[in-house]
Amino acid sequence: MPDVPPRLDGQIRRSYVLWREYITPLIVLEFASGTGAEERDRTPLQAVDGTVQKPGKFWVYEKIIRIPYYGIFLINTGELEVYHWEDGTYERLSPNERNHYPINRMNVELGVWQGTYLGLAEQPWLRWWDRQGNLLLTGNERAAYAEAQAQQEQQKRQQLVAKLKALSAEQLQELGIDAGLLE
C-alpha cells in the first residue's frame with residue numbers, strides 16, 4: 001500500500017491494520033511458518049453456545065474484506081499458493097510457464113526465487129517479476145548493479161586512454177585528439 005508508514009504508534013509494523021488505514025489492499029501475503037493450515041482456515045464467524053467463535057483468516061479475507069489476491073507462502077518449504085477473488089469466492093490460481101502468478105492489476109508476477117539475500121543463506125524468497133519474466137530488483141540490488149555498471153564504464157575509459165596514449169602525437173592529431181587531454 002502506498003503511503004503506509006513503517007511504524008504505527010511508534011512501533012515497527014508487522015502487519016497492515018485495515019481499521020486504521022480504511023483501504024482494502026490489492027494483495028495480502030501471509031508468510032506461514034507452519035503448514036499453512038491457519039492461513040487456509042475457512043471457519044466462518046459464528047456463535048457456538050452463546051460464544052463467538054473466531055473466524056479463520058481465509059474466511060475473513062474472502063467473505064469480509066474481499067481482498068482481490070491472497071497469497072500463502074510456506075516459509076519452510078518455499079511453496080506458494082495464490083488465490084484470486086471472483087464472484088464472492090477465492091479461486092486458486094495456477095502458475096504460468098515460469099511458475100509465477102500474474103497479478104494483472106499490478107502488471108507484475110509473483111513467484112519464488114531461490115538465492116542469497118540480505119546476507120542470509122541461500123533459500124526461497126518471494127519476489128516480483130515484470131510481465132516479461134524479468135526479476136524486479138530491490139533498491140539495494142539496483143544500487144549494486146548501477147555501481148557495477150559505473151565501474152565497467154570506468155575500466156573501459158581507462159583502457160581507451162591507455163590505447164590512445166600508445167599512439168604517436170601525429171596519430172592522435174589525425175584523430176583530432178589533443179594529447180594534453182590524455183594526461
# chains A, B, ... in the order shown; residues from 1 in each chain; ligands from 1

call {"tool": "residues_around", "arguments": {"residues": "range 3-13 of chain A", "least_positions_apart": "6", "cutoff": "12 Å", "atoms": "only C-alpha atoms", "output": "PyMOL selection string"}}
result
chain A and resi 20-23+25

call {"tool": "write_last_selection", "arguments": {"atoms": "all heavy atoms", "output": "PDB file, in the first residue's frame"}}
result
ATOM      1  N   ARG A  20      -7.357   0.961  10.652  1.00  0.00           N
ATOM      2  CA  ARG A  20      -6.654   2.235  10.803  1.00  0.00           C
ATOM      3  C   ARG A  20      -6.402   2.896   9.446  1.00  0.00           C
ATOM      4  O   ARG A  20      -6.274   4.101   9.354  1.00  0.00           O
ATOM      5  CB  ARG A  20      -5.301   2.042  11.508  1.00  0.00           C
ATOM      6  CG  ARG A  20      -5.329   1.409  12.866  1.00  0.00           C
ATOM      7  CD  ARG A  20      -5.481   2.355  14.030  1.00  0.00           C
ATOM      8  NE  ARG A  20      -4.632   3.475  14.129  1.00  0.00           N
ATOM      9  CZ  ARG A  20      -3.662   3.632  15.017  1.00  0.00           C
ATOM     10  NH1 ARG A  20      -3.375   2.655  15.845  1.00  0.00           N
ATOM     11  NH2 ARG A  20      -2.997   4.745  15.075  1.00  0.00           N
ATOM     12  N   GLU A  21      -6.281   2.083   8.389  1.00  0.00           N
ATOM     13  CA  GLU A  21      -5.966   2.590   7.050  1.00  0.00           C
ATOM     14  C   GLU A  21      -7.229   2.852   6.227  1.00  0.00           C
ATOM     15  O   GLU A  21      -7.233   3.706   5.364  1.00  0.00           O
ATOM     16  CB  GLU A  21      -5.116   1.575   6.290  1.00  0.00           C
ATOM     17  CG  GLU A  21      -3.622   1.649   6.410  1.00  0.00           C
ATOM     18  CD  GLU A  21      -3.014   1.790   7.777  1.00  0.00           C
ATOM     19  OE1 GLU A  21      -2.719   0.801   8.441  1.00  0.00           O
ATOM     20  OE2 GLU A  21      -2.788   2.936   8.157  1.00  0.00           O
ATOM     21  N   TYR A  22      -8.273   2.059   6.433  1.00  0.00           N
ATOM     22  CA  TYR A  22      -9.569   2.187   5.757  1.00  0.00           C
ATOM     23  C   TYR A  22      -9.545   1.871   4.263  1.00  0.00           C
ATOM     24  O   TYR A  22     -10.487   2.179   3.562  1.00  0.00           O
ATOM     25  CB  TYR A  22     -10.165   3.594   5.951  1.00  0.00           C
ATOM     26  CG  TYR A  22     -10.283   3.984   7.393  1.00  0.00           C
ATOM     27  CD1 TYR A  22      -9.502   5.009   7.907  1.00  0.00           C
ATOM     28  CD2 TYR A  22     -11.142   3.321   8.260  1.00  0.00           C
ATOM     29  CE1 TYR A  22      -9.593   5.379   9.245  1.00  0.00           C
ATOM     30  CE2 TYR A  22     -11.236   3.674   9.590  1.00  0.00           C
ATOM     31  CZ  TYR A  22     -10.454   4.708  10.076  1.00  0.00           C
ATOM     32  OH  TYR A  22     -10.540   5.063  11.388  1.00  0.00           O
ATOM     33  N   ILE A  23      -8.476   1.294   3.758  1.00  0.00           N
ATOM     34  CA  ILE A  23      -8.401   0.939   2.347  1.00  0.00           C
ATOM     35  C   ILE A  23      -8.039  -0.541   2.251  1.00  0.00           C
ATOM     36  O   ILE A  23      -7.059  -0.984   2.837  1.00  0.00           O
ATOM     37  CB  ILE A  23      -7.329   1.780   1.619  1.00  0.00           C
ATOM     38  CG1 ILE A  23      -7.692   3.262   1.681  1.00  0.00           C
ATOM     39  CG2 ILE A  23      -7.188   1.329   0.168  1.00  0.00           C
ATOM     40  CD1 ILE A  23      -6.590   4.176   1.178  1.00  0.00           C
ATOM     41  N   PRO A  25      -6.352  -3.596   0.776  1.00  0.00           N
ATOM     42  CA  PRO A  25      -5.199  -3.789  -0.115  1.00  0.00           C
ATOM     43  C   PRO A  25      -5.562  -4.649  -1.324  1.00  0.00           C
ATOM     44  O   PRO A  25      -6.550  -5.392  -1.298  1.00  0.00           O
ATOM     45  CB  PRO A  25      -4.166  -4.500   0.766  1.00  0.00           C
ATOM     46  CG  PRO A  25      -4.935  -5.081   1.887  1.00  0.00           C
ATOM     47  CD  PRO A  25      -6.188  -4.279   2.048  1.00  0.00           C
TER      48      PRO A  25
END

call {"tool": "select_by_dssp", "arguments": {"residues": "range 39-122 of chain A", "states": "strand (DSSP E)", "output": "MDAnalysis selection string"}}
result
chainID A and resid 46:48 51:53 69:74 79:86 89:92 101:103 108:117 120:122

call {"tool": "residues_around", "arguments": {"residues": "Arg40 in chain A", "least_positions_apart": "6", "cutoff": "10 Å", "atoms": "only C-alpha atoms", "output": "list in words"}}
result
Gly56, Lys57, Phe58, Trp59 and Ile72 of chain A

call {"tool": "write_last_selection", "arguments": {"atoms": "C-alpha atoms", "output": "JSON list (two decimals), in the first residue's frame"}}
result
[["chain", "number", "residue", "atom", "x", "y", "z"],
["A", 56, "GLY", "CA", -10.43, -18.25, 10.06],
["A", 57, "LYS", "CA", -8.08, -15.96, 8.15],
["A", 58, "PHE", "CA", -9.10, -17.31, 4.75],
["A", 59, "TRP", "CA", -12.78, -16.77, 5.53],
["A", 72, "ILE", "CA", 0.18, -18.05, 1.25]]

call {"tool": "atom_distance", "arguments": {"atom1": "CA of Gln46 in chain A", "atom2": "CA of Gly88 in chain A"}}
result
18.9 Å

call {"tool": "select_by_dssp", "arguments": {"residues": "range 13-106 of chain A", "states": "alpha helix (DSSP H)", "output": "PyMOL selection string"}}
result
chain A and resi 18-21+57-59

call {"tool": "closest_residue", "arguments": {"among": "A:Gln123, A:Ser94, A:Gln152, A:Asn76", "to": "Thr35 in chain A", "atoms": "only C-alpha atoms"}}
result
A:Asn76

call {"tool": "closest_residue", "arguments": {"among": "A:Ile27, A:Ala148, A:Leu120, A:Leu74", "to": "Pro102 in chain A", "atoms": "only C-alpha atoms"}}
result
A:Ile27
